[in-house]
Structure formats: C-alpha cells, structure tokens
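What follows is one structure encoded as structure tokens, with my remarks underneath.
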Amino acid sequence: MAAILGNLPTSVLAFVYLVAGVLFIQGLRDMTHPRTAPRGNLISAGGMALAVGFTVLVTDILSPILLFAGLLVGAAIGVWLAVTVETTEMPQLVGLFNGFGGGASALVAGAELIDMFGTGSFQVGVTATAALAGIIGAVTFWGSLVAAGKLHGVIDDSSVRYSGEQAVKALFLVLAVFAGLHLIARPNLLGTVPLAGWVPSYWVLVAAASVLGILLVIPIGGADMPVVIALLNSYSGLAAATTGFVLDNSVLIIAGTLVGASGLILTVIMCESMNRSLANVFFGGIGEASEDDGEMEDIYEGQITSTSPEEVEMTLDVADRVVIVPGYGMAVAQAQHAVAELAELLDENDVDVEFGIHPVAGRMPGHMNVLLAEADVPYEKLRDLEEINPTFSQTDVVIVIGANDVVNPSANTADSGPIAGMPVLNVGEARTVIVNKRSLSPGFSGVPNPLFAQDNTNMLFGDGKEMMQELVNIYKENH
Ligand code: NDP
C-alpha cells in the first residue's frame, strides 16, 4: 500500500529527522536538572513522535492503518505501565525497556538481511552492521530480562559463579563473532548458493549472543545491579544506532548514539559511586554478603536504643542544624510528603535543614531527587555526597529515613563484601542520629549496619510515612 505522503521529497523527511535530533538533544539537556526534567521528557517524546509519525506517513513500509494500530496498542501498553507500575519497580521496568530496545534492533536487522538477500543483492557494510546489531541487541535483550528478573525477585539475585566461567562466556562470544564473519564472507565467496540461504547464520549469531547475554548477567549479584542496568541501557542505544546504519536511518543513529553515550556516562558515574571498576563488576565476583551476615540478633544484641516520635521531637527542639538522609524505605513508605512537611516546619523555626542524597540511594539513579521534587522540596536544599559529608560533624541531628546501605559505615572499613569501598554518607559523625526503619533487617546488599548499634544512634522503628506524619503532628502541636 502506498504511503500517505509518499510523494514528499526525501529531503523533507531528512529535515524532519534533523529537527527530531535537535529535540532529543534539547530534551536530554533539560533532563540534567530535576526542575526542567519533565519539560525535557516532553520535548524528547515530541521529537520521537515527529520522527515516527513522519516515517509512517512518508515511507512505503506497511499499511499505515496497521502501523497506527500498532502504535496505538504500544501507546496503550505504555500508559498502562506508567499508571500501574510503582516507582520502586522502575529499575526493572527500565531494564525491560532496555531489553525490548535491544530485541527490536536484533529483529529489525534480521528482517533487513532477509529483505536484502531476498532481492539477490549483497552489501558488505549492511551485513556487517546487521551482524553487530544482532550481537549487541540479543545480549541486551536477554541480559536485561535476567537483570529485570533479579530486581523483581523472580530470579535469585545472588551472584552465580562457577569454574571456567570466563572461558564459557568467551566461547559463546567467539561463536557469535564467527557466525557474523561467516555471514559477511560466504555470500561473497559462493555466488551459487542463494543469498537468502545465508540468513540462518544470522540466527545462529543471535542464539549465541542470547546465551552470552544471560551468562554475562547471571553472575552479577545484589548491589551491582544498578551498574548493570545502566550499562544495558547504553547497549540498547548502541544496538539502535547500529540498526540505524543497517537501515540508513539518521534519526535512529542520532537517538541510539545519545542513549549509548548517556548510558555509558551513567555507568561510569554509578561505578564511581560504588567505588567499582566496570571490569570488577563483571568479572570480580563481589556481590555476596557472607553467611554470618544474616544473624542480625547476635550482631546487635543489647546495643540498640529505640526511640519514639515524641523523643525525636524533643531532640529536634534543641537542634540548630538537621540533615535528612532518605533511602529506598522512603520510597516504599511514600513518606516524601511528610518528610517535606517536616523539613518545612523546621525551616520555619529557624533550623538549618538540608538533605543528604547518595547517588545510589533508592533503586534507580536520581530516585530520591524525583521523590523529593514531587513533594516540592526546594532543589537548593539537596546536597550530594561530597558536599554533605564534611558537614556531618557540625550537625546536631541526622534523620535517616529508610536508608541503610548508603549510610553503612562498614563500607569504609570492610576489605570485601558487596559494599566494601563504596563511598557512604558518614552520618555517624553527627551528634545524634535517628534511624527510621521497620526492623533491623539489612538493606539491598544484605550487609548488617553497625550504625544502628552506635552510641549516638536512636532507632525509630515503624513505617516511614506513619512515623514522619506522627513527628510532624507532634512538632506542630508544640510550635
Ligand atoms: P537499602 O536497600 O539499603 O535499605 C532500605 C531500607 O529501607 C531497608 O533496610 C528497610 O528496612 C527500609 N524500609 C523498607 N520499607 C520501609 C518503610 N515502609 N518504612 C521505613 N523503612 C523502610 O536502601 P538505600 O537507599 O540505603 O541503598 C540503596 C541500595 O540499593 C544500595 O545497595 C544500592 O546499590 C542498591 N541499588 C540502587 C539502585 C540505584 O540505582 N539507586 C538500583 C538497584 C539497587 P526495614 O525492612 O527494616 O524497614
């Protein structure tokens, strides 16, 4: 079926792609600040809608009705996911999206090969980039499914190590590369074999890369997952950019390169935040808590001081400077509005209040920033790790709400383990530390936290939202 705007000159489509590319870049720029991020999202989505819409209208691919029906179904699933998925489940959703991007790239590259070989033509450039898109796409798809499964708890999230692990991975990589070389070389050498007969090499390549994707992520455990998700995000961009070369589609190359580059930058930031090298994450075998780490009662026996909202309010009453450190538990409890109200009340009573934000607090990059922005906490009140750490020794009270790993002082002293060497917020240096959580359970890494047993720490046991709300009510009554 002919395209609706099929007779538009191709230069118009090229111009529209250029505009879409500019919108992606502007969108990314806006996303670097929480205040402008929503606008950045809209601008980028607008660029994508423009690019997809024009491609469907101008290019003679399939029936436009079928295409728009597909778009509608995809959009409906997107809206349903956006409305139903909890913010705490975002990392696995992002993981799935990365995977779908990689899978789509591998399938589109395969379809293009079938198309090209079917017409009896052979272009080495297209075949080589399709092979690359197939490898990266398949690794991304299966790696992301495993990562999302681990984060969602449907796959055991411990690190699975075995002897000869690196050799097995190398074997599948070699198999995938060999299938790719076969695909590129043979159609050239043997003109007698129908070109389409070489397409199975592509699917061998995809199968080998799929196993490789699973093998790459299975050994990575617990606390290293954020790095893996960020890296797979980068891979999905690379796969899309490579597919852009296969299709000779400039907007796909631009979008894919932007995702690939920003994913890589994020990966580096995450590695730095966790004091890891990328090689260490993939091959280091760190990521497991020791077996003894589970026996919390023995570790904390007789050393825990509990407190109540009433006592905390009295402590806050005489404080000049308070730092609030949120973590994953604040997201679970949806306590951000109560926390914001508490900070506002303290501020009104001339207390110097700041928030200490660890780069990997929560379950996704920027998780705390998003929640606090949603609760209208002024962005100027947020301090990152390097800024806030030197101030703890001059802080009267630190309120830790649902954070655990990111305030665990054992990260500074342990030689091994999931969080060894990870820079943490040194909240224990403050005069008084209030830790709000429901129990003494460990955080994401499974490592016990000696902060809870420190002399200046008081544990405020209970759900984050209930405790903060109670604290706000008592503070209001007394001021
Ligand atoms: P943690 O996972 O270390 O700890 C969260 C704490 O919140 C738990 O100990 C839990 O204790 C408490 N909690 C849970 N529900 C509630 C509730 N309703 N009210 C009060 N407290 C609650 O979180 P952190 O933010 O300190 O650290 C993040 C961890 O997640 C790091 O290890 C990081 O590597 C990892 N990670 C980070 C990602 C990212 O991109 N930011 C992505 C994936 C993992 P209790 O059950 O006793 O209440």
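Chain labels run A, B, ... following the order of the structure tokens; each chain numbers its residues from 1, and ligands are numbered from 1 in the order shown.
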
I need the residues of segment 182-349 of chain A that end up classed as alpha helix (DSSP H) by DSSP on the backbone, written out as a PyMOL selection string. chain A and resi 182-189+199-217+225-247+250-273+278-283+296-300+309-317+328-333+336-348

I want to know what sits within 9 Å of Arg276 of chain A, based on only C-alpha atoms, with residues of the same chain fewer than 4 positions away left out; could you give that as a PyMOL selection string? chain A and resi 224+270-272+280-281+421-422

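Reported to one decimal place, the separation of atom CA of Arg363 of chain A from atom 23 (O, counted along the ligand's line) of ligand 1 is 7.5 Å.
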
Å distance separating atom CA of Ala133 of chain A from atom CA of Leu252 of chain A, one decimal place: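 For atom CA of Ala133 of chain A relative to atom CA of Leu252 of chain A, the distance reads 12.5 Å.
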
Which residues come within 6 Å of segment 401-404 of chain A, counting only C-alpha atoms, excluding same-chain residues fewer than 6 positions away, as an mmCIF file with all heavy atoms, in the first residue's frame?
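For reference, out-v1.cif as written:
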```cif
data_model
loop_
_atom_site.group_PDB
_atom_site.id
_atom_site.type_symbol
_atom_site.label_atom_id
_atom_site.label_comp_id
_atom_site.auth_asym_id
_atom_site.auth_seq_id
_atom_site.Cartn_x
_atom_site.Cartn_y
_atom_site.Cartn_z
ATOM 1 N N PRO A 326 17.394 10.436 53.014
ATOM 2 C CA PRO A 326 16.388 9.464 52.576
ATOM 3 C C PRO A 326 17.016 8.285 51.837
ATOM 4 O O PRO A 326 18.097 8.384 51.273
ATOM 5 C CB PRO A 326 15.521 10.288 51.611
ATOM 6 C CG PRO A 326 16.463 11.301 51.042
ATOM 7 C CD PRO A 326 17.554 11.533 52.046
ATOM 8 N N GLY A 327 16.302 7.166 51.868
ATOM 9 C CA GLY A 327 16.751 5.971 51.146
ATOM 10 C C GLY A 327 15.553 5.230 50.591
ATOM 11 O O GLY A 327 14.416 5.735 50.604
ATOM 12 N N TYR A 328 15.810 4.020 50.153
ATOM 13 C CA TYR A 328 14.777 3.226 49.485
ATOM 14 C C TYR A 328 13.479 3.127 50.304
ATOM 15 O O TYR A 328 12.377 3.144 49.749
ATOM 16 C CB TYR A 328 15.347 1.839 49.204
ATOM 17 C CG TYR A 328 14.376 0.863 48.636
ATOM 18 C CD1 TYR A 328 13.786 1.079 47.389
ATOM 19 C CD2 TYR A 328 14.029 -0.296 49.334
ATOM 20 C CE1 TYR A 328 12.881 0.182 46.864
ATOM 21 C CE2 TYR A 328 13.129 -1.200 48.810
ATOM 22 C CZ TYR A 328 12.555 -0.958 47.587
ATOM 23 O OH TYR A 328 11.661 -1.850 47.079
ATOM 24 N N GLY A 329 13.630 3.010 51.653
ATOM 25 C CA GLY A 329 12.452 2.862 52.515
ATOM 26 C C GLY A 329 11.511 4.064 52.420
ATOM 27 O O GLY A 329 10.297 3.922 52.597
ATOM 28 N N MET A 330 12.050 5.264 52.142
ATOM 29 C CA MET A 330 11.168 6.426 51.988
ATOM 30 C C MET A 330 10.266 6.225 50.765
ATOM 31 O O MET A 330 9.083 6.585 50.774
ATOM 32 C CB MET A 330 11.972 7.724 51.829
ATOM 33 C CG MET A 330 11.061 8.944 51.759
ATOM 34 S SD MET A 330 11.920 10.503 51.519
ATOM 35 C CE MET A 330 12.209 10.482 49.755
ATOM 36 N N ASN A 436 15.103 5.761 60.999
ATOM 37 C CA ASN A 436 13.743 5.240 60.889
ATOM 38 C C ASN A 436 13.689 4.095 59.890
ATOM 39 O O ASN A 436 14.034 4.266 58.728
ATOM 40 C CB ASN A 436 12.772 6.360 60.466
ATOM 41 C CG ASN A 436 11.419 5.805 60.041
ATOM 42 O OD1 ASN A 436 10.933 6.134 58.970
ATOM 43 N ND2 ASN A 436 10.823 4.972 60.862
ATOM 44 N N LYS A 437 13.298 2.939 60.362
ATOM 45 C CA LYS A 437 13.009 1.783 59.516
ATOM 46 C C LYS A 437 12.132 0.852 60.330
ATOM 47 O O LYS A 437 11.865 1.133 61.491
ATOM 48 C CB LYS A 437 14.294 1.136 58.994
ATOM 49 C CG LYS A 437 15.168 0.474 60.058
ATOM 50 C CD LYS A 437 16.593 0.331 59.563
ATOM 51 C CE LYS A 437 16.741 -0.671 58.430
ATOM 52 N NZ LYS A 437 16.549 -2.079 58.826
ATOM 53 N N GLY A 443 19.768 -3.865 54.289
ATOM 54 C CA GLY A 443 19.276 -3.256 53.051
ATOM 55 C C GLY A 443 19.514 -4.161 51.858
ATOM 56 O O GLY A 443 19.691 -5.379 52.022
#
```

Determine the nearest neighbour of Asn449 of chain A from the options A:Tyr300, A:Trp203, A:Phe355, A:Phe461, counting only C-alpha atoms.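 Under the stated criterion, the closest residue is A:Tyr300.
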
Contacts of Ile434 of chain A within 12 Å, only C-alpha atoms, excl. fewer than 4 positions in-chain, as a VMD selection string: chain A and resid 304 to 309 311 to 313 315 to 316 322 to 326 396 to 403 407 427 to 428 430 451 to 461 467 to 468

Shell around Asp248 of chain A at 12 Å using only C-alpha atoms, local window under 6 positions removed, as an MDAnalysis selection string: chainID A and resid 14 109 112 125:126 129:130 240:242 254
